[in-house]
$ cat structure.tsv   # TSV, C-alpha atoms and all ligand atoms
chain	number	residue	atom	x	y	z
A	1060	MET	CA	70.82	-39.93	-19.23
A	1061	ARG	CA	72.25	-37.41	-21.66
A	1062	ARG	CA	75.68	-38.10	-20.30
A	1063	LEU	CA	75.25	-41.84	-20.75
A	1064	VAL	CA	74.30	-41.27	-24.38
A	1065	ALA	CA	77.36	-39.09	-24.85
A	1066	LEU	CA	79.58	-41.74	-23.34
A	1067	ALA	CA	77.93	-44.45	-25.42
A	1068	LEU	CA	78.47	-42.47	-28.62
A	1069	LEU	CA	82.05	-41.80	-27.68
A	1070	LEU	CA	82.78	-45.43	-26.95
A	1071	SER	CA	80.80	-46.77	-29.89
A	1072	ALA	CA	82.80	-44.48	-32.12
A	1073	CYS	CA	85.82	-46.54	-31.13
A	1074	GLY	CA	84.61	-49.11	-33.68
A	1075	GLY	CA	83.07	-52.52	-33.35
A	1076	GLN	CA	79.52	-53.69	-33.88
A	1077	SER	CA	76.99	-55.19	-31.57
A	1078	GLY	CA	77.86	-58.84	-31.01
A	1079	GLU	CA	81.55	-58.18	-31.55
A	1080	TYR	CA	84.10	-58.19	-28.79
A	1081	ALA	CA	85.64	-55.06	-27.32
A	1082	GLN	CA	89.38	-54.97	-26.97
A	1083	GLN	CA	90.46	-57.21	-24.08
A	1084	SER	CA	91.75	-54.54	-21.74
A	1085	GLN	CA	92.75	-55.37	-18.19
A	1086	ILE	CA	93.19	-53.55	-14.88
A	1087	PRO	CA	96.71	-54.14	-13.55
A	1088	PRO	CA	96.48	-56.21	-10.32
A	1089	GLU	CA	98.06	-53.45	-8.21
A	1090	ALA	CA	95.35	-51.00	-9.35
A	1091	ILE	CA	92.37	-53.19	-8.29
A	1092	GLN	CA	90.11	-51.17	-5.97
A	1093	SER	CA	86.74	-51.75	-4.39
A	1094	GLY	CA	83.72	-49.71	-5.52
A	1095	TYR	CA	83.82	-48.34	-1.97
A	1096	THR	CA	86.79	-46.15	-2.98
A	1097	PHE	CA	84.63	-44.26	-5.45
A	1098	LEU	CA	81.70	-43.54	-3.10
A	1099	GLN	CA	80.90	-40.22	-1.43
A	1100	PRO	CA	82.32	-40.04	2.13
A	1101	GLU	CA	78.76	-40.08	3.59
A	1102	THR	CA	77.97	-43.34	1.79
A	1103	GLN	CA	81.25	-44.85	2.96
A	1104	ALA	CA	80.46	-43.81	6.53
A	1105	LEU	CA	77.05	-45.48	6.31
A	1106	GLN	CA	78.62	-48.74	5.15
A	1107	ASP	CA	81.25	-48.58	7.90
A	1108	ASP	CA	78.77	-48.11	10.75
A	1109	ASP	CA	77.21	-51.49	11.59
A	1110	PHE	CA	74.38	-49.75	13.46
A	1111	ALA	CA	73.48	-47.29	10.70
A	1112	ASN	CA	74.16	-49.60	7.71
A	1113	PRO	CA	70.64	-50.64	6.58
A	1114	GLY	CA	72.06	-53.89	5.17
A	1115	PHE	CA	72.31	-55.21	8.71
A	1116	LEU	CA	68.50	-55.43	8.85
A	1117	TRP	CA	68.84	-58.25	6.30
A	1118	VAL	CA	71.87	-59.79	8.01
A	1119	ASP	CA	69.90	-59.91	11.28
A	1120	LYS	CA	66.85	-61.37	9.58
A	1121	GLY	CA	69.09	-63.97	7.95
A	1122	GLU	CA	70.71	-64.87	11.26
A	1123	THR	CA	67.29	-65.41	12.83
A	1124	LEU	CA	66.19	-67.67	9.96
A	1125	PHE	CA	69.48	-69.53	10.15
A	1126	ASN	CA	68.87	-70.47	13.77
A	1127	GLN	CA	65.15	-71.13	13.42
A	1128	ILE	CA	63.69	-74.63	13.21
A	1129	PRO	CA	61.38	-74.64	10.14
A	1130	GLU	CA	57.65	-75.24	10.71
A	1131	THR	CA	58.01	-78.70	9.19
A	1132	GLY	CA	60.39	-79.64	11.99
A	1133	ALA	CA	63.33	-79.98	9.57
A	1134	PRO	CA	66.74	-79.30	11.10
A	1135	ALA	CA	67.74	-75.61	11.31
A	1136	CYS	CA	70.65	-74.42	9.17
A	1137	ALA	CA	72.51	-73.86	12.42
A	1138	SER	CA	72.18	-77.49	13.47
A	1139	CYS	CA	74.37	-78.52	10.52
A	1140	HIS	CA	76.55	-75.40	10.41
A	1141	ALA	CA	78.01	-74.50	13.78
A	1142	ALA	CA	81.48	-73.41	14.80
A	1143	ASP	CA	82.60	-77.00	15.37
A	1144	ASN	CA	80.59	-78.51	12.51
A	1145	ARG	CA	80.85	-77.35	8.87
A	1146	PRO	CA	81.35	-73.72	9.90
A	1147	LEU	CA	80.52	-71.11	7.25
A	1148	SER	CA	83.01	-68.43	8.25
A	1149	GLY	CA	84.85	-67.18	5.19
A	1150	VAL	CA	83.22	-69.57	2.71
A	1151	ALA	CA	81.39	-66.87	0.72
A	1152	ALA	CA	84.76	-65.46	-0.40
A	1153	HIS	CA	85.30	-68.64	-2.44
A	1154	TYR	CA	82.00	-68.66	-4.29
A	1155	PRO	CA	80.72	-69.41	-6.89
A	1156	VAL	CA	81.82	-73.06	-6.96
A	1157	MET	CA	80.92	-76.16	-8.97
A	1158	ASP	CA	78.05	-78.16	-7.49
A	1159	GLU	CA	79.24	-81.75	-7.51
A	1160	GLU	CA	75.70	-83.06	-7.54
A	1161	THR	CA	74.48	-81.23	-10.65
A	1162	GLY	CA	77.77	-80.33	-12.34
A	1163	LYS	CA	76.59	-76.71	-12.51
A	1164	LEU	CA	78.12	-73.55	-11.13
A	1165	MET	CA	76.43	-72.31	-7.95
A	1166	ASN	CA	76.61	-69.03	-6.07
A	1167	ILE	CA	75.71	-68.57	-2.40
A	1168	GLU	CA	72.02	-68.10	-3.16
A	1169	ALA	CA	71.96	-71.36	-5.13
A	1170	ARG	CA	73.93	-73.13	-2.39
A	1171	ILE	CA	71.40	-72.04	0.24
A	1172	ASN	CA	68.50	-73.21	-1.88
A	1173	ALA	CA	70.30	-76.52	-2.51
A	1174	CYS	CA	70.60	-77.03	1.27
A	1175	ARG	CA	66.91	-76.28	1.67
A	1176	GLU	CA	65.95	-78.83	-0.97
A	1177	ARG	CA	68.50	-81.55	-0.17
A	1178	HIS	CA	68.95	-81.26	3.58
A	1179	GLN	CA	65.71	-79.71	4.82
A	1180	ASP	CA	63.17	-80.95	2.28
A	1181	LEU	CA	61.94	-77.38	1.81
A	1182	ALA	CA	61.08	-75.47	-1.38
A	1183	PRO	CA	63.72	-73.09	-2.74
A	1184	LEU	CA	63.31	-69.44	-1.76
A	1185	ASP	CA	62.46	-66.87	-4.46
A	1186	HIS	CA	65.16	-64.63	-5.86
A	1187	GLU	CA	65.20	-61.23	-4.12
A	1188	SER	CA	62.85	-62.43	-1.36
A	1189	ASP	CA	63.77	-61.01	2.03
A	1190	ALA	CA	64.40	-64.56	3.27
A	1191	LEU	CA	66.91	-65.46	0.54
A	1192	LEU	CA	68.58	-62.03	0.63
A	1193	GLY	CA	68.76	-62.26	4.41
A	1194	LEU	CA	70.33	-65.73	4.50
A	1195	THR	CA	72.75	-64.73	1.73
A	1196	ALA	CA	73.68	-61.53	3.56
A	1197	TYR	CA	74.20	-63.46	6.79
A	1198	VAL	CA	76.46	-66.05	5.13
A	1199	ALA	CA	78.33	-63.29	3.22
A	1200	SER	CA	78.77	-61.27	6.41
A	1201	LEU	CA	80.65	-64.24	7.91
A	1202	ALA	CA	83.27	-63.61	5.22
A	1203	ARG	CA	83.60	-59.84	5.70
A	1204	GLY	CA	87.22	-58.80	5.25
A	1205	VAL	CA	88.23	-62.15	3.75
A	1206	PRO	CA	90.10	-61.80	0.42
A	1207	ILE	CA	88.21	-63.19	-2.57
A	1208	SER	CA	89.74	-66.30	-4.08
A	1209	VAL	CA	87.93	-68.70	-6.38
A	1210	ASN	CA	88.81	-71.90	-8.16
A	1211	ILE	CA	88.60	-71.78	-11.95
A	1212	ASP	CA	90.31	-75.09	-12.65
A	1213	GLY	CA	88.63	-78.14	-14.11
A	1214	PRO	CA	84.98	-77.86	-15.07
A	1215	ALA	CA	84.73	-74.29	-13.65
A	1216	ARG	CA	87.01	-73.14	-16.47
A	1217	ASN	CA	84.23	-73.17	-19.07
A	1218	TYR	CA	82.10	-70.94	-16.87
A	1219	TYR	CA	85.00	-68.59	-16.31
A	1220	GLU	CA	85.55	-68.30	-20.07
A	1221	ALA	CA	81.83	-67.75	-20.71
A	1222	GLY	CA	81.75	-65.03	-18.03
A	1223	LYS	CA	84.77	-63.36	-19.55
A	1224	ASP	CA	83.22	-63.47	-23.03
A	1225	TYR	CA	80.10	-61.77	-21.69
A	1226	PHE	CA	82.22	-59.11	-20.02
A	1227	PHE	CA	83.86	-58.13	-23.32
A	1228	LEU	CA	80.83	-58.55	-25.60
A	1229	ARG	CA	79.37	-55.37	-27.08
A	1230	LYS	CA	75.60	-55.38	-26.73
A	1231	GLY	CA	72.44	-53.39	-26.29
A	1232	GLN	CA	71.29	-50.27	-28.11
A	1233	PHE	CA	74.36	-48.47	-26.82
A	1234	ASN	CA	76.57	-51.24	-28.14
A	1235	LEU	CA	78.74	-51.31	-25.05
A	1236	ALA	CA	80.64	-54.06	-23.26
A	1237	CYS	CA	81.03	-54.20	-19.47
A	1238	SER	CA	84.76	-53.75	-20.02
A	1239	GLN	CA	84.32	-50.40	-21.77
A	1240	CYS	CA	82.93	-48.86	-18.60
A	1241	HIS	CA	84.62	-50.87	-15.86
A	1242	ASN	CA	88.08	-51.53	-17.35
A	1243	ASP	CA	88.52	-48.55	-19.67
A	1244	ASN	CA	86.63	-45.69	-17.99
A	1245	TRP	CA	86.65	-46.31	-14.24
A	1246	GLY	CA	87.14	-43.14	-12.24
A	1247	LYS	CA	85.09	-41.09	-14.75
A	1248	LYS	CA	81.73	-39.52	-13.90
A	1249	LEU	CA	78.50	-40.94	-15.25
A	1250	ARG	CA	75.05	-39.68	-14.15
A	1251	GLY	CA	76.31	-38.54	-10.76
A	1252	ASP	CA	78.12	-41.83	-10.19
A	1253	THR	CA	81.80	-42.32	-10.46
A	1254	ILE	CA	82.25	-45.45	-12.57
A	1255	SER	CA	83.98	-48.07	-10.46
A	1256	GLN	CA	85.86	-51.12	-11.61
A	1257	GLY	CA	82.67	-53.18	-11.34
A	1258	HIS	CA	83.57	-55.64	-8.59
A	1259	GLY	CA	80.96	-57.74	-6.82
A	1260	ASN	CA	82.58	-57.78	-3.36
A	1261	ALA	CA	79.93	-55.55	-1.68
A	1262	PHE	CA	76.95	-57.70	-2.72
A	1263	PRO	CA	74.33	-58.41	-1.62
A	1264	ALA	CA	74.17	-54.69	-0.87
A	1265	TYR	CA	71.81	-51.89	0.06
A	1266	ARG	CA	71.34	-49.51	-2.88
A	1267	MET	CA	69.80	-46.11	-2.30
A	1268	GLU	CA	68.39	-46.12	-5.81
A	1269	TRP	CA	66.51	-49.35	-4.97
A	1270	GLN	CA	65.70	-48.14	-1.47
A	1271	THR	CA	66.27	-51.73	-0.50
A	1272	PHE	CA	68.73	-54.55	-0.39
A	1273	GLY	CA	69.54	-56.58	-3.49
A	1274	SER	CA	71.71	-59.25	-5.03
A	1275	LEU	CA	74.65	-58.99	-7.39
A	1276	HIS	CA	72.42	-60.30	-10.18
A	1277	ARG	CA	70.04	-57.40	-9.63
A	1278	ARG	CA	73.01	-55.03	-10.04
A	1279	LEU	CA	74.04	-56.83	-13.25
A	1280	ARG	CA	70.48	-56.52	-14.57
A	1281	ASP	CA	70.66	-52.77	-13.96
A	1282	CYS	CA	73.94	-52.51	-15.86
A	1283	ASP	CA	72.50	-54.48	-18.77
A	1284	SER	CA	69.32	-52.34	-18.78
A	1285	GLY	CA	71.50	-49.21	-18.61
A	1286	ILE	CA	72.95	-49.97	-22.03
A	1287	ARG	CA	69.49	-51.03	-23.31
A	1288	ALA	CA	70.41	-54.70	-23.45
A	1289	GLU	CA	67.92	-57.37	-22.36
A	1290	PRO	CA	68.69	-58.19	-18.70
A	1291	LEU	CA	69.14	-61.92	-18.01
A	1292	ASP	CA	67.17	-63.95	-15.47
A	1293	TYR	CA	68.17	-64.04	-11.83
A	1294	GLY	CA	70.31	-67.11	-11.30
A	1295	SER	CA	70.85	-67.65	-15.05
A	1296	ALA	CA	73.88	-69.72	-16.01
A	1297	THR	CA	75.37	-66.69	-17.77
A	1298	TYR	CA	75.11	-64.39	-14.73
A	1299	MET	CA	76.59	-67.21	-12.61
A	1300	ALA	CA	79.47	-67.35	-15.09
A	1301	VAL	CA	79.87	-63.55	-14.96
A	1302	GLU	CA	79.87	-63.78	-11.16
A	1303	LEU	CA	82.76	-66.27	-11.32
A	1304	TYR	CA	84.66	-64.13	-13.80
A	1305	LEU	CA	84.16	-61.02	-11.62
A	1306	ALA	CA	85.37	-62.90	-8.52
A	1307	LYS	CA	88.52	-64.09	-10.29
A	1308	ARG	CA	89.09	-60.61	-11.68
A	1309	ALA	CA	88.77	-59.17	-8.13
A	1310	GLU	CA	91.00	-61.79	-6.54
A	1311	GLY	CA	92.51	-60.57	-3.27
A	1312	LEU	CA	89.91	-57.84	-2.75
A	1313	ALA	CA	88.24	-58.01	0.68
A	1314	MET	CA	84.58	-59.06	0.96
A	1315	GLU	CA	82.41	-56.11	2.06
A	1316	SER	CA	78.83	-57.37	2.16
A	1317	PRO	CA	76.58	-55.88	3.40
A	1318	GLY	CA	77.79	-52.97	1.26
A	1319	VAL	CA	76.00	-49.65	0.79
A	1320	ARG	CA	75.85	-48.17	-2.70
A	1321	ARG	CA	74.22	-45.19	-4.39
B	1401	LIG	C1	77.63	-47.53	-19.43
B	1401	LIG	C2	78.61	-47.98	-18.48
B	1401	LIG	C3	78.41	-49.35	-17.83
B	1401	LIG	C4	78.39	-50.57	-18.43
B	1401	LIG	C5	78.49	-50.90	-19.91
B	1401	LIG	C6	78.27	-51.54	-17.37
B	1401	LIG	N1	78.22	-50.93	-16.16
B	1401	LIG	FE1	78.36	-51.79	-14.34
B	1401	LIG	N2	78.11	-50.00	-13.46
B	1401	LIG	C7	78.02	-48.79	-14.10
B	1401	LIG	C8	77.76	-47.74	-13.13
B	1401	LIG	C9	77.60	-46.25	-13.42
B	1401	LIG	C10	77.70	-48.38	-11.87
B	1401	LIG	C11	77.44	-47.74	-10.51
B	1401	LIG	C12	78.69	-47.06	-10.02
B	1401	LIG	C13	79.83	-48.02	-9.97
B	1401	LIG	O1	80.02	-48.73	-8.99
B	1401	LIG	O2	80.51	-48.16	-11.01
B	1401	LIG	C14	77.96	-49.79	-12.11
B	1401	LIG	C15	78.07	-50.75	-11.12
B	1401	LIG	C16	78.48	-52.05	-11.31
B	1401	LIG	C17	78.77	-53.01	-10.26
B	1401	LIG	C18	78.73	-52.73	-8.76
B	1401	LIG	C19	80.04	-52.16	-8.26
B	1401	LIG	C20	79.98	-51.74	-6.83
B	1401	LIG	O3	81.03	-51.72	-6.16
B	1401	LIG	O4	78.88	-51.41	-6.34
B	1401	LIG	C21	79.11	-54.18	-10.86
B	1401	LIG	C22	79.48	-55.48	-10.18
B	1401	LIG	C23	79.01	-53.97	-12.29
B	1401	LIG	N3	78.63	-52.67	-12.53
B	1401	LIG	C24	79.25	-54.93	-13.25
B	1401	LIG	C25	78.96	-54.76	-14.60
B	1401	LIG	C26	78.95	-55.82	-15.58
B	1401	LIG	C27	79.29	-57.28	-15.29
B	1401	LIG	C28	78.62	-55.26	-16.77
B	1401	LIG	C29	78.36	-55.96	-18.09
B	1401	LIG	C30	77.26	-56.93	-18.04
B	1401	LIG	C31	78.46	-53.83	-16.55
B	1401	LIG	N4	78.64	-53.58	-15.23
B	1401	LIG	C32	78.21	-52.91	-17.56
B	1401	LIG	C33	78.20	-48.57	-15.45
B	1401	LIG	C34	78.28	-49.56	-16.40
B	1402	LIG	C1	70.95	-81.47	7.54
B	1402	LIG	C2	72.16	-80.69	7.43
B	1402	LIG	C3	72.13	-79.34	6.71
B	1402	LIG	C4	71.21	-78.35	6.85
B	1402	LIG	C5	69.93	-78.31	7.67
B	1402	LIG	C6	71.71	-77.25	6.06
B	1402	LIG	N1	72.88	-77.58	5.46
B	1402	LIG	FE1	74.11	-76.36	4.44
B	1402	LIG	N2	75.35	-77.91	4.04
B	1402	LIG	C7	75.19	-79.19	4.51
B	1402	LIG	C8	76.19	-80.06	3.89
B	1402	LIG	C9	76.34	-81.56	4.12
B	1402	LIG	C10	76.96	-79.23	3.06
B	1402	LIG	C11	78.12	-79.66	2.16
B	1402	LIG	C12	77.63	-79.81	0.75
B	1402	LIG	C13	76.59	-80.88	0.61
B	1402	LIG	O1	76.89	-82.04	0.89
B	1402	LIG	O2	75.45	-80.55	0.24
B	1402	LIG	C14	76.42	-77.88	3.20
B	1402	LIG	C15	76.94	-76.78	2.57
B	1402	LIG	C16	76.52	-75.47	2.81
B	1402	LIG	C17	77.20	-74.29	2.35
B	1402	LIG	C18	78.50	-74.25	1.55
B	1402	LIG	C19	79.67	-74.53	2.47
B	1402	LIG	C20	80.98	-74.58	1.73
B	1402	LIG	O3	82.02	-74.77	2.40
B	1402	LIG	O4	81.01	-74.42	0.50
B	1402	LIG	C21	76.45	-73.20	2.76
B	1402	LIG	C22	76.76	-71.73	2.50
B	1402	LIG	C23	75.31	-73.72	3.47
B	1402	LIG	N3	75.40	-75.08	3.48
B	1402	LIG	C24	74.29	-72.95	4.00
B	1402	LIG	C25	73.15	-73.47	4.59
B	1402	LIG	C26	72.00	-72.69	4.98
B	1402	LIG	C27	71.88	-71.18	4.86
B	1402	LIG	C28	71.08	-73.55	5.48
B	1402	LIG	C29	69.68	-73.26	5.93
B	1402	LIG	C30	68.79	-72.67	4.91
B	1402	LIG	C31	71.68	-74.89	5.43
B	1402	LIG	N4	72.91	-74.80	4.87
B	1402	LIG	C32	71.07	-76.04	5.92
B	1402	LIG	C33	74.25	-79.61	5.40
B	1402	LIG	C34	73.16	-78.88	5.82

$ encode --input "structure.tsv" --output "structure tokens"
Amino acid sequence: MRRLVALALLLSACGGQSGEYAQQSQIPPEAIQSGYTFLQPETQALQDDDFANPGFLWVDKGETLFNQIPETGAPACASCHAADNRPLSGVAAHYPVMDEETGKLMNIEARINACRERHQDLAPLDHESDALLGLTAYVASLARGVPISVNIDGPARNYYEAGKDYFFLRKGQFNLACSQCHNDNWGKKLRGDTISQGHGNAFPAYRMEWQTFGSLHRRLRDCDSGIRAEPLDYGSATYMAVELYLAKRAEGLAMESPGVRR
């Protein structure tokens, strides 16, 4: 914690007040690297081993749910999404996308809940429930290794811009923007972590600090809490927008979920 305070003071000293924007720095495209690069070798090895990687408990649970006929007798996910019928391989690498029905941006979690409500007549699953994390992990795992590429044209553009604004906005007691850690100080040590470039390609992921599996929005909430800013709600429009901005910023990076992180 002391080191975080030191970093915060150092960065805050670079001028700017809460609510103002930090300088719009950028990582050159050729320098884009996954958070995996900055992990200890043991953590990397855990992620690489499909048998030891604890995230696969959620992938397996998700696969089971995907193939299961719900108690109500509604069609299983698998009956509408098979290899020869709306296959889901690779699709997670292109999320979030605009939902044509509501005109809102949706990530994979929101897409799954939309299918439950619209195609299965089931209630949406709670954020961070094992069922939603499992289904999300299963769908994301079908895109492992696929380079991220998202569409920010048309109505998605406003979300992209809002996500970018949030990324550069100074906030919280420490008066820091995401960019000041993840664009300007990646590679430096902070509380035993090496600060990465802040990409979302490993999520949902298993975090040792959580001792469980969690979503990208949970990770974003931790980053916001870390600078003593009010974390936003799971699934909030702003975190959706940040998710789109992060995906565009990480374009070309391979999907890694289920990742393992410290
Ligand atoms: C005080 C510095 C700091 C700030 C500000 C900060 N983060 Fe982080 N962030 C971290 C640290 C430390 C980690 C864990 C190690 C790592 O991957 O960087 C992390 C992790 C992440 C990760 C996961 C990366 C991975 O591969 O596991 C993402 C995504 C992320 N941050 C996004 C953000 C966003 C978006 C914001 C602004 C809302 C933000 N962070 C603000 C320090 C910060
Ligand atoms: C009765 C058929 C049906 C069922 C059951 C169903 N879906 Fe879908 N799903 C669709 C259709 C149709 C779409 C295309 C978008 C739309 O029209 O809603 C879709 C889209 C998707 C997408 C996005 C695909 C893309 O290319 O962007 C995902 C991911 C998905 N479904 C996951 C699931 C999961 C997980 C379940 C089970 C919880 C499920 N679906 C259940 C019909 C279904």

$ residues_around --input "structure.tsv" --residues "segment 1258-1263 of chain A" --least-positions-apart "6" --cutoff "8 Å" --atoms "all atoms listed in the file" --output "list in words"
Ser1093, Gly1094, Leu1192, Thr1195, Ala1196, Ala1199, Ile1207, Phe1272, Gly1273, Ser1274, Leu1275, Glu1302, Leu1305, Ala1306, Ala1309, Leu1312, Ala1313, Met1314, Glu1315, Ser1316, Pro1317, Gly1318 and Val1319 of chain A

$ residues_near_ligand --input "structure.tsv" --ligand "ligand LIG 1402 (chain B)" --cutoff "8 Å" --atoms "only C-alpha atoms and all ligand atoms" --output "ChimeraX atom specification"
/A:1124-1125,1133-1140,1145-1147,1150-1151,1153-1154,1156,1167,1170-1175,1177-1179,1194-1195,1198

$ write_last_selection --input "structure.tsv" --atoms "C-alpha atoms" --output "PDB file, in the frame of the given file"
ATOM      1  CA  LEU A1124      66.190 -67.670   9.960  1.00  0.00           C
ATOM      2  CA  PHE A1125      69.480 -69.530  10.150  1.00  0.00           C
ATOM      3  CA  ALA A1133      63.330 -79.980   9.570  1.00  0.00           C
ATOM      4  CA  PRO A1134      66.740 -79.300  11.100  1.00  0.00           C
ATOM      5  CA  ALA A1135      67.740 -75.610  11.310  1.00  0.00           C
ATOM      6  CA  CYS A1136      70.650 -74.420   9.170  1.00  0.00           C
ATOM      7  CA  ALA A1137      72.510 -73.860  12.420  1.00  0.00           C
ATOM      8  CA  SER A1138      72.180 -77.490  13.470  1.00  0.00           C
ATOM      9  CA  CYS A1139      74.370 -78.520  10.520  1.00  0.00           C
ATOM     10  CA  HIS A1140      76.550 -75.400  10.410  1.00  0.00           C
ATOM     11  CA  ARG A1145      80.850 -77.350   8.870  1.00  0.00           C
ATOM     12  CA  PRO A1146      81.350 -73.720   9.900  1.00  0.00           C
ATOM     13  CA  LEU A1147      80.520 -71.110   7.250  1.00  0.00           C
ATOM     14  CA  VAL A1150      83.220 -69.570   2.710  1.00  0.00           C
ATOM     15  CA  ALA A1151      81.390 -66.870   0.720  1.00  0.00           C
ATOM     16  CA  HIS A1153      85.300 -68.640  -2.440  1.00  0.00           C
ATOM     17  CA  TYR A1154      82.000 -68.660  -4.290  1.00  0.00           C
ATOM     18  CA  VAL A1156      81.820 -73.060  -6.960  1.00  0.00           C
ATOM     19  CA  ILE A1167      75.710 -68.570  -2.400  1.00  0.00           C
ATOM     20  CA  ARG A1170      73.930 -73.130  -2.390  1.00  0.00           C
ATOM     21  CA  ILE A1171      71.400 -72.040   0.240  1.00  0.00           C
ATOM     22  CA  ASN A1172      68.500 -73.210  -1.880  1.00  0.00           C
ATOM     23  CA  ALA A1173      70.300 -76.520  -2.510  1.00  0.00           C
ATOM     24  CA  CYS A1174      70.600 -77.030   1.270  1.00  0.00           C
ATOM     25  CA  ARG A1175      66.910 -76.280   1.670  1.00  0.00           C
ATOM     26  CA  ARG A1177      68.500 -81.550  -0.170  1.00  0.00           C
ATOM     27  CA  HIS A1178      68.950 -81.260   3.580  1.00  0.00           C
ATOM     28  CA  GLN A1179      65.710 -79.710   4.820  1.00  0.00           C
ATOM     29  CA  LEU A1194      70.330 -65.730   4.500  1.00  0.00           C
ATOM     30  CA  THR A1195      72.750 -64.730   1.730  1.00  0.00           C
ATOM     31  CA  VAL A1198      76.460 -66.050   5.130  1.00  0.00           C
TER      32      VAL A1198
END

$ atom_distance --input "structure.tsv" --atom1 "atom CA of Ser1238 of chain A" --atom2 "atom CA of Ala1169 of chain A"
26.4 Å

$ atom_distance --input "structure.tsv" --atom1 "atom CA of Ala1236 of chain A" --atom2 "atom C4 of ligand LIG 1401 (chain B)"
6.4 Å

$ residues_near_ligand --input "structure.tsv" --ligand "ligand LIG 1401 (chain B)" --cutoff "8 Å" --atoms "only C-alpha atoms and all ligand atoms" --output "PyMOL selection string"
chain A and resi 1063+1066-1067+1093-1095+1097+1225-1227+1235-1241+1245+1248-1250+1252-1262+1264+1275+1278-1283+1285-1286+1301-1302+1305+1318-1321

$ atom_distance --input "structure.tsv" --atom1 "atom CA of Glu1310 of chain A" --atom2 "atom CA of Phe1115 of chain A"
25.0 Å

$ residues_around --input "structure.tsv" --residues "segment 1287-1293 of chain A" --least-positions-apart "5" --cutoff "9 Å" --atoms "only C-alpha atoms" --output "PyMOL selection string"
chain A and resi 1186-1187+1230-1234+1276-1277+1279-1282+1298

$ closest_residue --input "structure.tsv" --among "A:Asp1224, A:Thr1131, A:Asn1244, A:Ala1215" --to "Leu1181 of chain A" --atoms "only C-alpha atoms"
A:Thr1131

$ residues_around --input "structure.tsv" --residues "Gly1311 of chain A" --least-positions-apart "3" --cutoff "9 Å" --atoms "all atoms listed in the file" --output "JSON, numbers by chain"
{"A": [1091, 1205, 1206, 1207, 1208, 1307]}

$ closest_residue --input "structure.tsv" --among "A:Ala1142, A:Met1165, A:Leu1116, A:Leu1105" --to "Ala1190 of chain A" --atoms "only C-alpha atoms"
A:Leu1116

$ closest_residue --input "structure.tsv" --among "A:Val1118, A:Ala1152, A:Leu1228, A:Ala1090" --to "Gln1076 of chain A" --atoms "all atoms listed in the file"
A:Leu1228

$ closest_residue --input "structure.tsv" --among "A:Gln1103, A:Ser1188, A:Asp1180, A:Trp1269" --to "Gly1132 of chain A" --atoms "all atoms listed in the file"
A:Asp1180

$ closest_residue --input "structure.tsv" --among "A:Ile1128, A:Leu1098, A:Ala1141, A:Val1209" --to "Asn1166 of chain A" --atoms "only C-alpha atoms"
A:Val1209

$ decode --input "structure.tsv" --residues "segment 1277-1297 of chain A" --atoms "C-alpha atoms" --output "PDB file, in the first residue's frame"
ATOM      1  CA  ARG A1277     -14.694  -7.402 -11.274  1.00  0.00           C
ATOM      2  CA  ARG A1278     -11.085  -6.631 -12.257  1.00  0.00           C
ATOM      3  CA  LEU A1279     -12.082  -3.085 -13.266  1.00  0.00           C
ATOM      4  CA  ARG A1280     -13.841  -2.624  -9.930  1.00  0.00           C
ATOM      5  CA  ASP A1281     -10.609  -3.618  -8.177  1.00  0.00           C
ATOM      6  CA  CYS A1282      -8.616  -1.091 -10.191  1.00  0.00           C
ATOM      7  CA  ASP A1283     -11.128   1.649  -9.393  1.00  0.00           C
ATOM      8  CA  SER A1284     -11.124   0.708  -5.677  1.00  0.00           C
ATOM      9  CA  GLY A1285      -7.310   0.652  -5.752  1.00  0.00           C
ATOM     10  CA  ILE A1286      -7.215   4.372  -6.483  1.00  0.00           C
ATOM     11  CA  ARG A1287     -10.050   4.977  -3.970  1.00  0.00           C
ATOM     12  CA  ALA A1288     -12.589   5.751  -6.677  1.00  0.00           C
ATOM     13  CA  GLU A1289     -16.164   4.464  -6.413  1.00  0.00           C
ATOM     14  CA  PRO A1290     -16.325   1.182  -8.375  1.00  0.00           C
ATOM     15  CA  LEU A1291     -19.151   1.060 -10.940  1.00  0.00           C
ATOM     16  CA  ASP A1292     -21.875  -1.590 -11.101  1.00  0.00           C
ATOM     17  CA  TYR A1293     -21.304  -4.885 -12.857  1.00  0.00           C
ATOM     18  CA  GLY A1294     -22.647  -4.569 -16.375  1.00  0.00           C
ATOM     19  CA  SER A1295     -22.884  -0.751 -16.174  1.00  0.00           C
ATOM     20  CA  ALA A1296     -22.936   1.081 -19.487  1.00  0.00           C
ATOM     21  CA  THR A1297     -19.633   2.757 -18.594  1.00  0.00           C
TER      22      THR A1297
END
